[in-house]
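First up is the structure itself, then whatever we jot down about it.
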Amino acid sequence: MKKPKMQQQLIQLGNGAHALATQMLGNGDDAADAVHDSFVKVFKKPEAYDENKGPLTPWFLRVVRNQCLDLIRRRRPTEDTIDELSDSAPGPEASLEIIQRDQELRNALSTLSSAQREIIVLRDYMDLSYAEIASVLEIAQGTVMSRLHRARMALKEVIESHE
Amino acid sequence: MSNTNQFADQHVGDQLSGFIDGELTQQQRQFVTLHCEVCADCQENLERLRALRERIGNAGLSEVGEDKWRETMNDPTVELTRGIGWLLFIVGMLIIAGIGLVGFLFSDGISVGMKLLMFAIYGGLATLFFSVLRQRLIERKTDKYKDVEV
């Protein structure tokens with residue numbers, strides 16, 4: 001794939017990758033660093049991506065996910081990410097109602113396991129197909145639907161219990 | 001047993017998510033549709049899951065924006081060109097300095113004192129250069145992200 005085309009696709013993937021990294025790492029700043037470092041890694045070695053082996057989106061999200069996992073491994077085990085995750089605030093341009101609704105959603109997401117948050121972001125926020133999700137998470141495609149359903153039901157219950 | 005009872009008997013569970021996401025076969029889709037027509041619980045679940053999916057899709061889970069990523073994207077290029085620029089500059093300067101130094105040291109018209117003074121200045125510059133180089137190499141070795149595989 002030519003570099004400008006790859007760059008354009010990666011720019012469009014930035015926000016989704018950031019949302020995924022935020023759910024994994026617990027705060028937006030670390031997530032932005034992880035996405036930035038993933039860009040750097042990719043452009044240092046662009047030939048690592050083989051177009052014949054699949055689309056760019058799941059491949060790049062796997063790079064971001066590995067970056068996040070590496071950061072998590074390096075963190076101290078006592079470090080808690082859940083509180084930070086629920087405190088991350090949206091930008092000032094959003095209306096108060098949207099801010100509140102998004103905050104509720106973030107709070108609810110923060111009660112789920114990391115695996116559940118990841119799969120919800122990949123499907124419902126990034127709109128990836130089950131095959132692409134399986135590729136990013138490195139799980140069997142048949143596992144995606146059941147894991148996603150359990151995650152959605154858990155999130156639904158948390159949200160409904162607060163309404 | 002009537003067809004209606006057959007569809008009402010078993011809840012569709014995971015398939016509700018597959019149905020919303022368009023990931024079921026035609027047969028499975030038909031089954032979920034018929035089941036939801038006779039099962040109020042699954043119909044309600046289906047609607048709530050759809051609403052939840054839409055809510056997540058519209059949520060501001062990342063507020064960074066494409067401009068930020070565009071800037072970020074340019075970083076590797078900037079780093080590379082900056083590296084090449086510095087390399088060319090340093091190599092050019094070293095060659096010029098080397099030629100100048102040889103000419104200077106073997107020149108008969110300059111006193112030994114002046115030669116030593118100039119040697120001290122160049123020696124100082126070289127020491128500073130190797131000090132910065134050493135620091136950069138240490139930083140590179142301790143880069144906390146270097147182990148991540150692309």
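Just remember, in the structure tokens the first chain shown is A, the second B, etc., residues are 1-based per chain, and ligands are 1-based in the order shown.
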| Near Gln28 in chain B, within 12 Å and counting only C-alpha atoms, which residues show up once chain neighbours fewer than 2 positions away are dropped, as a ChimeraX atom specification? | /B:7,12,14-20,22-26,30-35
Could you please select, counting only C-alpha atoms, the residues of chain B within 7 Å of chain A and state them as a list of chain:residue names?
B:Asp14, B:Ser17, B:Gly18, B:Arg53, B:Ile56, B:Gly57, B:Ala59, B:Gly60, B:Leu61, B:Ser62, B:Glu63, B:Val64, B:Gly65, B:Glu66, B:Trp69, B:Arg70, B:Thr72, B:Met73, B:Pro76, B:Val148, B:Val150
Students should find that CA of Glu139 in chain B and CA of Gly83 in chain B are spaced 15.3 Å
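Between CA of Ala151 in chain A and CA of Leu109 in chain A there is a distance of 9.5 Å.
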A straight line from CA of Ile119 in chain A to CA of Arg65 in chain A spans 11.8 Å
Considering only helix (DSSP H, G or I) as DSSP defines it on the backbone, what residues of chain B qualify? List them as JSON, numbers by chain.
{"B": [3, 4, 5, 6, 7, 8, 9, 15, 16, 17, 18, 19, 20, 26, 27, 28, 29, 30, 31, 32, 33, 34, 35, 36, 37, 38, 40, 41, 42, 43, 44, 45, 46, 47, 48, 49, 50, 51, 52, 53, 54, 55, 56, 57, 58, 66, 67, 68, 69, 70, 71, 72, 73, 74, 75, 76, 77, 78, 79, 80, 81, 82, 83, 84, 85, 86, 87, 88, 89, 90, 91, 92, 93, 94, 95, 96, 97, 98, 99, 100, 101, 102, 103, 104, 105, 112, 113, 114, 115, 116, 117, 118, 119, 120, 121, 122, 123, 124, 125, 126, 127, 128, 129, 130, 131, 132, 133, 134, 135, 136, 137, 138, 139, 140, 141]}
Selection above as a file: C-alpha atoms, as a CSV table (one decimal), in the first residue's frame:
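Output file selection11.csv is given in full below:
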chain,number,residue,atom,x,y,z
B,3,ASN,CA,-45.3,-23.0,14.5
B,4,THR,CA,-46.0,-20.1,16.8
B,5,ASN,CA,-45.3,-22.2,19.9
B,6,GLN,CA,-42.1,-23.6,18.2
B,7,PHE,CA,-40.7,-20.1,17.9
B,8,ALA,CA,-41.8,-19.0,21.3
B,9,ASP,CA,-40.3,-22.0,23.1
B,15,GLN,CA,-28.4,-14.3,18.2
B,16,LEU,CA,-30.0,-11.0,19.1
B,17,SER,CA,-26.6,-9.4,18.9
B,18,GLY,CA,-25.9,-11.2,15.6
B,19,PHE,CA,-29.2,-10.0,14.3
B,20,ILE,CA,-28.6,-6.4,15.2
B,26,GLN,CA,-30.8,-15.7,6.3
B,27,GLN,CA,-32.3,-18.7,8.2
B,28,GLN,CA,-31.1,-17.5,11.5
B,29,ARG,CA,-32.5,-14.0,10.8
B,30,GLN,CA,-35.8,-15.4,9.9
B,31,PHE,CA,-35.9,-17.5,13.1
B,32,VAL,CA,-35.1,-14.4,15.3
B,33,THR,CA,-37.7,-12.3,13.5
B,34,LEU,CA,-40.4,-14.9,14.0
B,35,HIS,CA,-39.4,-15.5,17.6
B,36,CYS,CA,-39.5,-11.8,18.4
B,37,GLU,CA,-43.0,-11.6,17.0
B,38,VAL,CA,-44.2,-14.0,19.7
B,40,ALA,CA,-42.2,-10.0,24.2
B,41,ASP,CA,-39.0,-10.4,26.3
B,42,CYS,CA,-36.8,-10.9,23.3
B,43,GLN,CA,-38.5,-8.2,21.4
B,44,GLU,CA,-37.9,-5.8,24.3
B,45,ASN,CA,-34.3,-6.9,24.6
B,46,LEU,CA,-33.8,-6.5,20.9
B,47,GLU,CA,-35.0,-2.9,21.0
B,48,ARG,CA,-32.9,-2.0,24.0
B,49,LEU,CA,-29.8,-3.5,22.5
B,50,ARG,CA,-30.4,-1.6,19.3
B,51,ALA,CA,-30.8,1.6,21.3
B,52,LEU,CA,-27.6,0.8,23.3
B,53,ARG,CA,-25.7,0.1,20.1
B,54,GLU,CA,-26.8,3.4,18.6
B,55,ARG,CA,-26.0,5.3,21.8
B,56,ILE,CA,-22.4,3.9,21.9
B,57,GLY,CA,-22.0,4.6,18.2
B,58,ASN,CA,-22.9,8.3,18.7
B,66,GLU,CA,-8.5,14.1,12.9
B,67,ASP,CA,-6.3,17.2,12.9
B,68,LYS,CA,-4.4,15.9,16.0
B,69,TRP,CA,-3.8,12.5,14.2
B,70,ARG,CA,-2.7,14.3,11.1
B,71,GLU,CA,-0.1,16.2,13.2
B,72,THR,CA,0.9,13.1,14.9
B,73,MET,CA,1.3,11.3,11.6
B,74,ASN,CA,3.7,13.9,10.4
B,75,ASP,CA,6.0,13.3,13.4
B,76,PRO,CA,7.9,10.3,12.0
B,77,THR,CA,8.6,12.2,8.8
B,78,VAL,CA,9.8,15.2,10.7
B,79,GLU,CA,12.0,13.0,12.9
B,80,LEU,CA,13.5,11.3,9.8
B,81,THR,CA,14.2,14.5,7.9
B,82,ARG,CA,15.6,16.1,11.0
B,83,GLY,CA,17.9,13.1,11.5
B,84,ILE,CA,19.1,13.2,7.9
B,85,GLY,CA,19.6,17.0,8.1
B,86,TRP,CA,21.7,16.7,11.3
B,87,LEU,CA,23.7,13.9,9.9
B,88,LEU,CA,24.6,15.8,6.7
B,89,PHE,CA,25.4,18.9,8.6
B,90,ILE,CA,27.7,17.1,11.1
B,91,VAL,CA,29.5,15.1,8.4
B,92,GLY,CA,30.1,18.2,6.3
B,93,MET,CA,31.3,20.2,9.3
B,94,LEU,CA,33.6,17.4,10.4
B,95,ILE,CA,35.2,17.2,6.9
B,96,ILE,CA,35.7,21.0,6.7
B,97,ALA,CA,37.0,21.1,10.3
B,98,GLY,CA,39.4,18.2,9.5
B,99,ILE,CA,40.8,19.8,6.4
B,100,GLY,CA,41.1,23.1,8.3
B,101,LEU,CA,42.7,21.4,11.2
B,102,VAL,CA,45.3,19.6,9.1
B,103,GLY,CA,46.1,22.8,7.2
B,104,PHE,CA,46.3,24.7,10.5
B,105,LEU,CA,48.5,22.2,12.3
B,112,VAL,CA,52.6,26.5,18.8
B,113,GLY,CA,50.6,28.5,21.4
B,114,MET,CA,47.9,29.4,18.9
B,115,LYS,CA,47.9,25.8,17.6
B,116,LEU,CA,47.3,24.5,21.2
B,117,LEU,CA,44.5,27.1,21.7
B,118,MET,CA,42.7,26.1,18.6
B,119,PHE,CA,43.2,22.4,19.5
B,120,ALA,CA,41.5,23.1,22.9
B,121,ILE,CA,38.5,24.8,21.2
B,122,TYR,CA,38.0,21.9,18.7
B,123,GLY,CA,38.7,19.3,21.4
B,124,GLY,CA,36.0,21.0,23.6
B,125,LEU,CA,33.5,20.9,20.7
B,126,ALA,CA,34.2,17.3,20.0
B,127,THR,CA,33.8,16.4,23.7
B,128,LEU,CA,30.5,18.2,23.8
B,129,PHE,CA,29.3,16.4,20.6
B,130,PHE,CA,30.2,13.0,22.0
B,131,SER,CA,28.5,13.8,25.3
B,132,VAL,CA,25.2,14.6,23.5
B,133,LEU,CA,25.6,11.5,21.3
B,134,ARG,CA,26.1,9.3,24.3
B,135,GLN,CA,23.0,10.7,26.0
B,136,ARG,CA,21.0,10.1,22.8
B,137,LEU,CA,22.2,6.5,22.6
B,138,ILE,CA,21.3,5.9,26.3
B,139,GLU,CA,17.8,7.4,25.7
B,140,ARG,CA,17.3,5.1,22.7
B,141,LYS,CA,18.3,2.1,24.7
